[in-house]
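J.: Structure: input_39.cif, mmCIF, C-alpha atoms and all ligand atoms.
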data_entry
#
loop_
_atom_site.label_atom_id
_atom_site.label_comp_id
_atom_site.auth_asym_id
_atom_site.auth_seq_id
_atom_site.Cartn_x
_atom_site.Cartn_y
_atom_site.Cartn_z
CA MET A 99 19.37 -9.14 8.52
CA LEU A 100 16.01 -8.65 10.18
CA TYR A 101 15.21 -6.50 13.18
CA VAL A 102 12.87 -8.36 15.53
CA GLY A 103 11.78 -7.07 18.92
CA GLY A 104 14.95 -5.07 19.53
CA LYS A 105 17.49 -7.58 18.13
CA TRP A 106 19.24 -8.04 14.82
CA VAL A 107 18.83 -11.61 13.58
CA ALA A 108 19.63 -13.50 10.41
CA GLU A 109 16.74 -14.66 8.26
CA GLY A 110 15.69 -18.11 9.48
CA GLU A 111 16.59 -17.31 13.08
CA ALA A 112 13.67 -15.03 13.86
CA ALA A 113 11.04 -16.39 16.24
CA VAL A 114 7.48 -15.31 17.03
CA HIS A 115 6.04 -15.69 20.52
CA PRO A 116 3.12 -18.17 20.33
CA GLU A 117 0.86 -15.58 21.96
CA ASP A 118 2.01 -12.58 19.97
CA ARG A 119 -1.22 -10.75 19.17
CA GLY A 120 -0.07 -9.91 15.65
CA TYR A 121 0.25 -13.64 15.09
CA ASN A 122 -2.96 -14.65 16.94
CA PHE A 123 -5.32 -11.80 16.02
CA GLY A 124 -3.70 -9.83 13.22
CA ASP A 125 -3.54 -7.18 15.98
CA GLY A 126 -0.92 -4.85 14.60
CA ILE A 127 0.01 -2.45 11.83
CA TYR A 128 2.55 -2.24 9.04
CA GLU A 129 4.06 -0.17 6.25
CA VAL A 130 5.72 -1.07 2.95
CA VAL A 131 8.18 1.61 1.84
CA ARG A 132 9.81 1.92 -1.58
CA ILE A 133 13.56 2.35 -1.84
CA TYR A 134 14.73 3.91 -5.09
CA LYS A 135 18.47 3.93 -5.69
CA GLY A 136 19.13 3.22 -2.01
CA LYS A 137 16.92 6.10 -0.80
CA MET A 138 13.56 5.93 0.96
CA PHE A 139 10.68 7.33 -1.08
CA GLN A 140 7.93 9.28 0.77
CA TRP A 141 9.26 8.21 4.18
CA ASP A 142 7.55 11.08 6.04
CA ALA A 143 4.16 10.13 4.61
CA HIS A 144 4.67 6.46 5.56
CA ILE A 145 5.70 7.31 9.11
CA ALA A 146 2.74 9.69 9.50
CA ARG A 147 0.38 6.93 8.32
CA LEU A 148 2.02 4.41 10.68
CA PHE A 149 1.46 6.74 13.66
CA ARG A 150 -2.12 7.35 12.53
CA SER A 151 -2.78 3.58 12.25
CA ALA A 152 -1.31 3.13 15.75
CA ARG A 153 -3.61 5.82 17.16
CA GLU A 154 -6.65 4.33 15.48
CA ILE A 155 -6.02 0.90 17.04
CA ARG A 156 -5.15 2.46 20.43
CA MET A 157 -1.51 1.46 20.40
CA ASN A 158 1.10 3.73 22.00
CA LEU A 159 4.33 3.55 20.07
CA PRO A 160 7.42 3.76 22.28
CA TRP A 161 9.57 4.96 19.35
CA SER A 162 9.84 8.41 17.83
CA ALA A 163 9.59 9.00 14.09
CA ALA A 164 13.33 9.79 14.12
CA GLU A 165 14.17 6.47 15.84
CA LEU A 166 12.12 4.58 13.26
CA GLY A 167 13.93 6.52 10.53
CA THR A 168 17.28 5.40 11.95
CA LEU A 169 16.06 1.81 12.10
CA ALA A 170 14.88 1.98 8.47
CA ARG A 171 18.26 3.32 7.36
CA GLN A 172 20.05 0.52 9.25
CA LEU A 173 17.81 -2.09 7.61
CA ILE A 174 18.78 -0.73 4.21
CA ASP A 175 22.51 -0.60 4.97
CA LYS A 176 22.75 -3.96 6.77
CA ASN A 177 21.07 -5.67 3.81
CA GLY A 178 23.62 -4.42 1.33
CA ILE A 179 21.18 -2.10 -0.47
CA THR A 180 23.20 0.66 -2.12
CA GLU A 181 22.54 3.58 -4.45
CA ASP A 182 22.60 1.07 -7.32
CA ASP A 183 19.58 -0.78 -5.94
CA ASP A 184 15.81 -0.51 -5.83
CA ALA A 185 14.25 -2.28 -2.87
CA THR A 186 11.31 -2.48 -0.48
CA LEU A 187 11.35 -2.05 3.25
CA TYR A 188 8.76 -3.73 5.45
CA LEU A 189 8.03 -2.54 8.99
CA GLN A 190 5.41 -4.13 11.19
CA ILE A 191 4.42 -3.48 14.76
CA SER A 192 2.43 -6.06 16.63
CA ARG A 193 0.50 -5.14 19.78
CA GLY A 194 2.86 -7.55 21.58
CA ALA A 195 2.61 -10.85 23.45
CA ALA A 196 0.20 -11.56 26.32
CA PRO A 197 -2.08 -14.38 27.49
CA ARG A 198 -4.88 -14.65 24.94
CA VAL A 199 -7.86 -12.41 25.65
CA HIS A 200 -9.68 -10.29 23.09
CA ASP A 201 -9.58 -6.91 24.82
CA ILE A 202 -6.32 -4.99 24.98
CA PRO A 203 -4.13 -6.08 27.92
CA ASP A 204 -3.17 -3.23 30.28
CA SER A 205 0.57 -3.67 30.19
CA ILE A 206 1.81 -4.86 26.86
CA GLU A 207 4.85 -3.81 24.87
CA PRO A 208 4.57 -3.49 21.08
CA VAL A 209 6.94 -5.73 19.11
CA ILE A 210 8.56 -4.26 16.02
CA MET A 211 9.87 -6.28 13.10
CA GLY A 212 11.49 -5.03 9.92
CA PHE A 213 13.28 -6.24 6.84
CA ALA A 214 14.50 -4.79 3.55
CA ARG A 215 14.96 -6.66 0.28
CA LYS A 216 16.20 -5.72 -3.15
CA LYS A 217 13.25 -5.51 -5.53
CA GLU A 218 13.21 -4.39 -9.12
CA ARG A 219 10.57 -2.00 -10.38
CA PRO A 220 7.72 -3.49 -12.50
CA LEU A 221 8.68 -1.31 -15.49
CA ALA A 222 7.80 -3.73 -18.30
CA GLU A 223 4.46 -4.58 -16.73
CA MET A 224 3.67 -0.90 -16.26
CA LYS A 225 3.80 -0.46 -20.04
CA LYS A 226 1.81 -3.62 -20.75
CA GLY A 227 -0.85 -3.35 -18.03
CA GLN A 228 -2.78 -5.94 -16.07
CA THR A 229 -6.21 -7.52 -16.15
CA ALA A 230 -8.69 -7.29 -13.28
CA GLN A 231 -11.86 -8.89 -12.02
CA LEU A 232 -14.65 -6.94 -10.31
CA ILE A 233 -15.35 -8.50 -6.93
CA GLU A 234 -17.50 -7.55 -3.97
CA ASP A 235 -15.50 -5.86 -1.21
CA ILE A 236 -15.79 -8.31 1.68
CA ARG A 237 -13.36 -6.49 3.98
CA TRP A 238 -14.21 -4.75 7.26
CA LEU A 239 -15.24 -1.09 7.54
CA ARG A 240 -11.91 0.40 8.69
CA CYS A 241 -9.87 -0.08 5.53
CA ASP A 242 -8.12 3.24 6.33
CA ILE A 243 -6.08 1.44 9.01
CA LYS A 244 -3.05 -0.40 7.62
CA THR A 245 -3.62 -3.45 9.78
CA LEU A 246 -1.91 -6.84 9.67
CA ASN A 247 -5.33 -8.42 9.39
CA LEU A 248 -5.31 -9.02 5.64
CA LEU A 249 -7.55 -12.05 5.21
CA GLY A 250 -10.13 -10.06 3.24
CA ALA A 251 -7.40 -8.95 0.84
CA VAL A 252 -6.02 -12.49 0.58
CA LEU A 253 -9.41 -13.95 -0.36
CA VAL A 254 -10.42 -11.32 -2.92
CA LYS A 255 -7.04 -11.53 -4.62
CA GLN A 256 -7.36 -15.30 -4.82
CA TYR A 257 -10.93 -15.07 -6.23
CA ALA A 258 -9.53 -12.80 -8.95
CA LYS A 259 -6.72 -15.22 -9.74
CA ASP A 260 -9.15 -18.15 -9.85
CA ALA A 261 -11.17 -16.16 -12.41
CA GLY A 262 -8.01 -15.79 -14.52
CA ALA A 263 -7.31 -12.12 -13.72
CA GLN A 264 -4.12 -10.66 -12.27
CA ASP A 265 -5.84 -8.36 -9.81
CA CYS A 266 -9.24 -7.40 -8.49
CA ILE A 267 -11.20 -4.18 -8.28
CA LEU A 268 -13.49 -4.10 -5.28
CA HIS A 269 -16.98 -2.63 -4.97
CA ARG A 270 -19.49 -2.25 -2.16
CA ASN A 271 -23.04 -2.50 -3.54
CA GLY A 272 -21.85 -1.22 -6.90
CA ILE A 273 -19.59 1.58 -5.55
CA VAL A 274 -15.95 1.05 -6.50
CA THR A 275 -13.59 1.29 -3.51
CA GLU A 276 -10.05 0.12 -4.29
CA CYS A 277 -8.07 -3.05 -5.10
CA SER A 278 -6.81 -5.75 -2.71
CA SER A 279 -3.47 -3.99 -2.18
CA SER A 280 -3.70 -0.81 -4.23
CA ASN A 281 -5.94 2.17 -5.00
CA VAL A 282 -7.84 2.50 -8.26
CA PHE A 283 -8.36 5.46 -10.60
CA ALA A 284 -10.71 5.82 -13.56
CA VAL A 285 -10.03 8.30 -16.37
CA LYS A 286 -13.00 9.88 -18.15
CA ASN A 287 -12.68 12.74 -20.64
CA GLY A 288 -9.19 13.55 -19.40
CA ALA A 289 -10.13 13.76 -15.68
CA LEU A 290 -9.23 11.38 -12.85
CA TYR A 291 -11.82 9.83 -10.54
CA THR A 292 -10.98 7.94 -7.36
CA HIS A 293 -12.79 7.00 -4.15
CA PRO A 294 -12.50 9.64 -1.39
CA ALA A 295 -9.99 8.91 1.37
CA ASP A 296 -12.49 7.80 4.01
CA HIS A 297 -12.84 4.60 6.09
CA LEU A 298 -13.53 2.42 3.03
CA ILE A 299 -10.07 2.65 1.47
CA LEU A 300 -6.45 2.80 2.51
CA HIS A 301 -5.17 6.36 2.11
CA GLY A 302 -2.51 5.31 -0.32
CA ILE A 303 0.68 7.31 -0.46
CA THR A 304 1.13 6.65 -4.17
CA ARG A 305 -2.52 7.71 -4.63
CA GLN A 306 -1.73 11.08 -3.01
CA VAL A 307 1.46 11.57 -5.05
CA VAL A 308 -0.52 10.86 -8.25
CA ILE A 309 -3.32 13.26 -7.24
CA ASP A 310 -0.79 16.01 -6.50
CA LEU A 311 1.14 15.45 -9.73
CA ALA A 312 -2.08 15.44 -11.75
CA ARG A 313 -3.35 18.69 -10.21
CA GLU A 314 0.03 20.40 -10.61
CA ASN A 315 -0.08 19.48 -14.28
CA GLY A 316 -3.61 20.57 -15.08
CA ILE A 317 -5.31 17.16 -14.96
CA PRO A 318 -8.58 17.53 -13.00
CA VAL A 319 -9.03 15.08 -10.10
CA TYR A 320 -12.37 14.18 -8.53
CA GLU A 321 -12.16 12.32 -5.22
CA GLU A 322 -15.70 11.03 -5.57
CA ALA A 323 -17.33 7.64 -5.26
CA PHE A 324 -18.22 6.12 -8.66
CA THR A 325 -20.15 3.06 -9.75
CA THR A 326 -19.09 -0.15 -11.44
CA ASP A 327 -21.02 1.04 -14.54
CA PHE A 328 -18.92 4.22 -14.65
CA LEU A 329 -15.81 2.05 -14.25
CA LYS A 330 -16.82 -0.12 -17.22
CA GLN A 331 -17.27 2.99 -19.39
CA ALA A 332 -13.95 4.56 -18.36
CA ASP A 333 -11.48 5.63 -21.04
CA GLU A 334 -8.63 4.29 -18.90
CA LEU A 335 -8.13 2.60 -15.55
CA PHE A 336 -5.03 2.27 -13.44
CA LEU A 337 -4.10 1.21 -9.94
CA THR A 338 -1.48 2.75 -7.68
CA SER A 339 0.69 1.37 -4.88
CA THR A 340 4.17 1.49 -3.45
CA THR A 341 5.18 -1.67 -5.29
CA ALA A 342 2.99 -1.51 -8.43
CA GLU A 343 3.52 2.28 -8.90
CA ILE A 344 1.08 3.34 -11.68
CA MET A 345 -0.21 0.13 -13.22
CA PRO A 346 -2.71 0.32 -16.11
CA ILE A 347 -5.69 -2.03 -16.02
CA ILE A 348 -6.36 -2.97 -19.62
CA ALA A 349 -9.32 -5.33 -19.14
CA VAL A 350 -12.05 -5.83 -16.53
CA ASP A 351 -14.03 -9.07 -16.37
CA GLY A 352 -12.52 -9.99 -19.74
CA GLN A 353 -13.72 -6.77 -21.45
CA PRO A 354 -11.12 -4.31 -22.76
CA VAL A 355 -10.85 -0.91 -21.06
CA GLY A 356 -10.71 1.83 -23.71
CA GLU A 357 -8.37 0.65 -26.43
CA GLY A 358 -7.29 -2.34 -24.30
CA SER A 359 -3.79 -0.98 -23.84
CA ILE A 360 -2.11 1.71 -21.75
CA GLY A 361 -3.81 5.08 -22.33
CA PRO A 362 -2.36 8.58 -22.71
CA VAL A 363 -3.26 9.81 -19.21
CA ALA A 364 -1.64 6.82 -17.46
CA LEU A 365 1.39 7.23 -19.70
CA LYS A 366 1.65 10.93 -18.86
CA LEU A 367 1.31 10.24 -15.10
CA GLN A 368 3.96 7.51 -15.28
CA ASP A 369 6.24 10.03 -16.91
CA LEU A 370 5.55 12.67 -14.22
CA PHE A 371 6.01 10.03 -11.50
CA GLU A 372 9.38 9.08 -12.98
CA GLN A 373 10.52 12.71 -12.92
CA HIS A 374 9.29 12.99 -9.33
CA ILE A 375 11.27 9.89 -8.26
CA ASN A 376 14.39 11.15 -10.00
CA ALA A 377 14.06 14.54 -8.30
CA SER A 378 13.55 12.95 -4.87
CA VAL A 379 16.50 10.49 -5.07
CA LEU A 380 18.83 13.39 -5.81
CA VAL A 381 18.08 15.00 -2.44
N1 LIG B 1 -0.34 -2.16 -0.15
N2 LIG B 1 -4.90 -0.06 -0.73
C1 LIG B 1 -4.56 -1.16 -0.03
C2 LIG B 1 -5.63 -2.04 0.48
C3 LIG B 1 -3.19 -1.46 0.17
O1 LIG B 1 -2.83 -2.55 0.87
C4 LIG B 1 -2.20 -0.60 -0.38
C5 LIG B 1 -0.74 -0.84 -0.17
C6 LIG B 1 -2.62 0.52 -1.10
C7 LIG B 1 -1.65 1.50 -1.72
O2 LIG B 1 -1.01 2.26 -0.72
P1 LIG B 1 0.45 2.85 -0.97
O3 LIG B 1 0.39 3.64 -2.20
O4 LIG B 1 0.69 3.66 0.24
O5 LIG B 1 1.40 1.68 -1.08
C8 LIG B 1 -3.99 0.76 -1.24
C9 LIG B 1 1.03 -2.47 0.20
C10 LIG B 1 2.02 -2.05 -0.81
C11 LIG B 1 1.11 -3.93 0.56
O6 LIG B 1 0.26 -4.36 1.33
O7 LIG B 1 1.99 -4.62 0.10
#
Show how you would write the structure in this file as structure tokens.
T.:
Amino acid sequence: MLYVGGKWVAEGEAAVHPEDRGYNFGDGIYEVVRIYKGKMFQWDAHIARLFRSAREIRMNLPWSAAELGTLARQLIDKNGITEDDDATLYLQISRGAAPRVHDIPDSIEPVIMGFARKKERPLAEMKKGQTAQLIEDIRWLRCDIKTLNLLGAVLVKQYAKDAGAQDCILHRNGIVTECSSSNVFAVKNGALYTHPADHLILHGITRQVVIDLARENGIPVYEEAFTTDFLKQADELFLTSTTAEIMPIIAVDGQPVGEGSIGPVALKLQDLFEQHINASVLV
């Protein structure tokens, strides 16, 4: 079951207004939330980011955080996701439908849409790692907003796939930002390096969990911009996201990173992340 604009509908029966601004302009915002064993992971952080994205695009949300929490829970329950299941929950809010003009219409009601699907964790891949291609970051300059307008991400990911890599690492004039749908970390001499949470990257929730876990466990973290040369000399690389969790990058542009397999710091962080998930699904 999907929730679309205030109604519960079966998949295949949902309709989009032809002048919905999410559909016409990518004018809207979204969140992807992880469900572990039927429970929402980091819900408060996702809802805070959703409200921040709304503010940044000048959208007034007519729902409270508690109402959205109830909706999320209903999406999980109505889709048969139980404590035996891992899943993802998708929530998007379009600016709404109005005759097509570029500026924001005065009276317009946001349209919410949500679904939840069972989805297994990428555990085998997290041990094996992925390959990546370095690509210029062609996206706009407000990557901190989780907007529906994802064409930049679509194109860079496809360039990477065309080059035979599984993912891409983006840079602006030689400064590494993030990946198409995840954040990136380099490990050098036992310390973590990642781009600061400014307008050039999405402030990833998994990124923040990893930073906190690292600091709590004595792994130094530098939220500092670094170059593609630094990246190529890193001992380890990994990306983080809600769906990919902590995914090692074992080769960049066809060249192995470190030993060319998952490194000890990524392994340690995966272990800490696992303990953190287990502790949070017990609550
Ligand atoms: N992507 N950077 C970008 C550009 C992203 O799109 C995402 C998330 C992240 C990681 O954020 P988080 O840890 O909060 O998931 C970083 C989601 C999962 C997606 O678009 O599917």
J.: Between CA of Ile375 in chain A and CA of Tyr134 in chain A, what is the distance in Å, rounded to a tenth?
T.: 7.6 Å
J.: Do a neighbour search on Glu372 in chain A at 12 Å with all atoms listed in the file, toss out local chain neighbours closer than 5 positions, and write the hits as a list in words.
T.: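 These residues fall inside the cut-off: Tyr134, Arg219, Leu221, Met224, Val307, Val308, Leu311, Glu343, Ile344, Leu365, Lys366, Leu367, Ala377, Ser378 and Val379 of chain A.
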J.: What does the structure give for the distance between CA of Ile179 in chain A and CA of Ala143 in chain A, in Å to one decimal?
T.: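 A separation of 21.6 Å between them.
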J.: Just checking: using all atoms listed in the file, which residue out of A:Leu249, A:Ile174, A:Ile236, A:Ala230 ends up closest to Phe123 in chain A?
T.: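 Among the listed residues, the smallest separation from Phe123 in chain A belongs to A:Leu249.
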J.: Using all atoms listed in the file, which protein or nucleic acid residues come within 12 Å of Met157 in chain A? Drop anything in the same chain fewer than 6 positions from it, and give the result as an MDAnalysis selection string.
T.: chainID A and resid 125:127 148:151 191:194 202:209 245
J.: Can I get the residues close to ligand LIG 1 (chain B) as a PyMOL selection string, where close means within 8 Å and we count only C-alpha atoms and all ligand atoms?
T.: chain A and resi 129-131+144+241+244+251+276-281+299-306+338-343
J.: With all atoms listed in the file counted and 10 Å as the cut-off, give the residues of range 319-376 of chain A in contact with range 267-270 of chain A, each with its shortest interatomic distance in Å and the pair that gives it, as a tab-separated table.
T.:
residue	atom	partner	partner_atom	distance
A:Phe324	CA	A:His269	CA	9.6
A:Thr325	CA	A:His269	CA	8.1
A:Thr326	CA	A:His269	CA	7.2
A:Leu329	CA	A:Ile267	CA	9.8
A:Leu337	CA	A:Ile267	CA	9.1
A:Ile347	CA	A:Ile267	CA	9.7
A:Val350	CA	A:Ile267	CA	8.5
A:Asp351	CA	A:Ile267	CA	9.9
J.: Counting all atoms listed in the file, figure out which residue out of A:Arg198, A:Lys135, A:His115, A:Lys216 gets nearest to Leu380 in chain A.
T.: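 Among the listed residues, the smallest separation from Leu380 in chain A belongs to A:Lys135.
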J.: Would you mind telling me which residue in A:Asp118, A:Gln331, A:Val252, A:Ile133 lies nearest to Gln353 in chain A when using all atoms listed in the file?
T.: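 Comparing A:Asp118, A:Gln331, A:Val252, A:Ile133 against Gln353 in chain A, the winner is A:Gln331.
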J.: Which of these residues is nearest to Leu232 in chain A, using all atoms listed in the file: A:Lys330, A:His200, A:Arg153, A:Arg171?
T.: A:Lys330
J.: Dig up all the protein and nucleic acid residues within 6 Å of (-14.3, 3.7, 3.2) in the file frame, using only C-alpha atoms, and format them as a PDB file with C-alpha atoms, keeping the file's coordinate frame.
T.:
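Output saved as result_14.pdb:
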ATOM      1  CA  ASP A 296     -12.490   7.800   4.010  1.00  0.00           C
ATOM      2  CA  HIS A 297     -12.840   4.600   6.090  1.00  0.00           C
ATOM      3  CA  LEU A 298     -13.530   2.420   3.030  1.00  0.00           C
ATOM      4  CA  ILE A 299     -10.070   2.650   1.470  1.00  0.00           C
TER       5      ILE A 299
END
J.: For Thr292 in chain A, list every protein, DNA or RNA residue within 9 Å, evaluated using all atoms listed in the file, and leave out those in the same chain fewer than 6 positions away; present the list as JSON, numbers by chain.
T.: {"A": [274, 275, 276, 281, 282, 283, 284, 305, 319, 320, 321, 322, 323, 324]}
J.: For the residues selected in the previous step, produce a file with C-alpha atoms as a PDB file, in the coordinates of the input.
T.:
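part.pdb written:
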ATOM      1  CA  VAL A 274     -15.950   1.050  -6.500  1.00  0.00           C
ATOM      2  CA  THR A 275     -13.590   1.290  -3.510  1.00  0.00           C
ATOM      3  CA  GLU A 276     -10.050   0.120  -4.290  1.00  0.00           C
ATOM      4  CA  ASN A 281      -5.940   2.170  -5.000  1.00  0.00           C
ATOM      5  CA  VAL A 282      -7.840   2.500  -8.260  1.00  0.00           C
ATOM      6  CA  PHE A 283      -8.360   5.460 -10.600  1.00  0.00           C
ATOM      7  CA  ALA A 284     -10.710   5.820 -13.560  1.00  0.00           C
ATOM      8  CA  ARG A 305      -2.520   7.710  -4.630  1.00  0.00           C
ATOM      9  CA  VAL A 319      -9.030  15.080 -10.100  1.00  0.00           C
ATOM     10  CA  TYR A 320     -12.370  14.180  -8.530  1.00  0.00           C
ATOM     11  CA  GLU A 321     -12.160  12.320  -5.220  1.00  0.00           C
ATOM     12  CA  GLU A 322     -15.700  11.030  -5.570  1.00  0.00           C
ATOM     13  CA  ALA A 323     -17.330   7.640  -5.260  1.00  0.00           C
ATOM     14  CA  PHE A 324     -18.220   6.120  -8.660  1.00  0.00           C
TER      15      PHE A 324
END
J.: Calculate how many Å separate CA of Ala312 in chain A from CA of Gln373 in chain A, rounding to one decimal.
T.: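 Straight-line distance from CA of Ala312 in chain A to CA of Gln373 in chain A works out to 12.9 Å.
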J.: Provide an axis-aligned box for all listed atoms of range 177-193 of chain A, padding each side by 4 Å; report its centre and its edge lengths in Å to one decimal, as JSON.
T.:
{"center_x": 12.1, "center_y": -1.2, "center_z": 6.2, "size_x": 31.1, "size_y": 17.6, "size_z": 35.1}
J.: Pick the closest to Gln264 in chain A from A:Asn247, A:Gln228, A:Asn122, A:Ser359: which is it, counting only C-alpha atoms?
T.: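 Among A:Asn247, A:Gln228, A:Asn122, A:Ser359, it is A:Gln228 that comes nearest to Gln264 in chain A.
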J.: Between A:Lys137, A:Arg147, A:Lys217, A:Lys255, which has the minimum distance to Asp235 in chain A (counting all atoms listed in the file)?
T.: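 Among A:Lys137, A:Arg147, A:Lys217, A:Lys255, it is A:Lys255 that comes nearest to Asp235 in chain A.
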J.: Using the partial input, fill out range 338-346 of chain A with all heavy atoms; write the result as an mmCIF file, in the coordinates of the input.
T.:
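Full text of out24.cif as output:
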data_model
loop_
_atom_site.group_PDB
_atom_site.id
_atom_site.type_symbol
_atom_site.label_atom_id
_atom_site.label_comp_id
_atom_site.auth_asym_id
_atom_site.auth_seq_id
_atom_site.Cartn_x
_atom_site.Cartn_y
_atom_site.Cartn_z
ATOM 1 N N THR A 338 -2.715 2.162 -8.206
ATOM 2 C CA THR A 338 -1.480 2.750 -7.680
ATOM 3 C C THR A 338 -1.113 2.082 -6.359
ATOM 4 O O THR A 338 -1.982 1.808 -5.534
ATOM 5 C CB THR A 338 -1.632 4.265 -7.409
ATOM 6 O OG1 THR A 338 -2.651 4.472 -6.420
ATOM 7 C CG2 THR A 338 -1.962 5.049 -8.648
ATOM 8 N N SER A 339 0.177 1.811 -6.188
ATOM 9 C CA SER A 339 0.690 1.370 -4.880
ATOM 10 C C SER A 339 2.196 1.526 -4.863
ATOM 11 O O SER A 339 2.825 1.733 -5.910
ATOM 12 C CB SER A 339 0.308 -0.086 -4.588
ATOM 13 O OG SER A 339 1.230 -0.968 -5.182
ATOM 14 N N THR A 340 2.732 1.387 -3.663
ATOM 15 C CA THR A 340 4.170 1.490 -3.450
ATOM 16 C C THR A 340 4.943 0.533 -4.358
ATOM 17 O O THR A 340 5.959 0.909 -4.921
ATOM 18 C CB THR A 340 4.449 1.170 -1.962
ATOM 19 O OG1 THR A 340 3.846 2.210 -1.195
ATOM 20 C CG2 THR A 340 5.910 1.068 -1.657
ATOM 21 N N THR A 341 4.435 -0.687 -4.495
ATOM 22 C CA THR A 341 5.180 -1.670 -5.290
ATOM 23 C C THR A 341 4.756 -1.691 -6.758
ATOM 24 O O THR A 341 5.585 -1.897 -7.632
ATOM 25 C CB THR A 341 5.033 -3.090 -4.690
ATOM 26 O OG1 THR A 341 3.653 -3.299 -4.408
ATOM 27 C CG2 THR A 341 5.844 -3.238 -3.428
ATOM 28 N N ALA A 342 3.465 -1.448 -7.029
ATOM 29 C CA ALA A 342 2.990 -1.510 -8.430
ATOM 30 C C ALA A 342 3.109 -0.161 -9.132
ATOM 31 O O ALA A 342 2.928 -0.077 -10.348
ATOM 32 C CB ALA A 342 1.547 -1.999 -8.472
ATOM 33 N N GLU A 343 3.391 0.911 -8.366
ATOM 34 C CA GLU A 343 3.520 2.280 -8.900
ATOM 35 C C GLU A 343 2.228 2.695 -9.617
ATOM 36 O O GLU A 343 1.190 2.727 -8.987
ATOM 37 C CB GLU A 343 4.763 2.374 -9.787
ATOM 38 C CG GLU A 343 6.011 1.930 -8.996
ATOM 39 C CD GLU A 343 7.326 2.264 -9.652
ATOM 40 O OE1 GLU A 343 7.352 2.963 -10.665
ATOM 41 O OE2 GLU A 343 8.351 1.825 -9.111
ATOM 42 N N ILE A 344 2.303 2.973 -10.938
ATOM 43 C CA ILE A 344 1.080 3.340 -11.680
ATOM 44 C C ILE A 344 0.868 2.239 -12.719
ATOM 45 O O ILE A 344 1.547 2.196 -13.746
ATOM 46 C CB ILE A 344 1.230 4.722 -12.344
ATOM 47 C CG1 ILE A 344 1.481 5.785 -11.261
ATOM 48 C CG2 ILE A 344 0.004 5.059 -13.197
ATOM 49 C CD1 ILE A 344 1.807 7.175 -11.808
ATOM 50 N N MET A 345 -0.055 1.337 -12.401
ATOM 51 C CA MET A 345 -0.210 0.130 -13.220
ATOM 52 C C MET A 345 -1.530 0.188 -13.998
ATOM 53 O O MET A 345 -2.613 0.150 -13.408
ATOM 54 C CB MET A 345 -0.208 -1.089 -12.287
ATOM 55 C CG MET A 345 -0.281 -2.424 -12.981
ATOM 56 S SD MET A 345 1.176 -2.753 -13.995
ATOM 57 C CE MET A 345 2.399 -3.080 -12.728
ATOM 58 N N PRO A 346 -1.460 0.284 -15.333
ATOM 59 C CA PRO A 346 -2.710 0.320 -16.110
ATOM 60 C C PRO A 346 -3.484 -0.993 -15.977
ATOM 61 O O PRO A 346 -2.894 -2.062 -15.891
ATOM 62 C CB PRO A 346 -2.218 0.497 -17.553
ATOM 63 C CG PRO A 346 -0.811 0.954 -17.444
ATOM 64 C CD PRO A 346 -0.270 0.383 -16.167
#
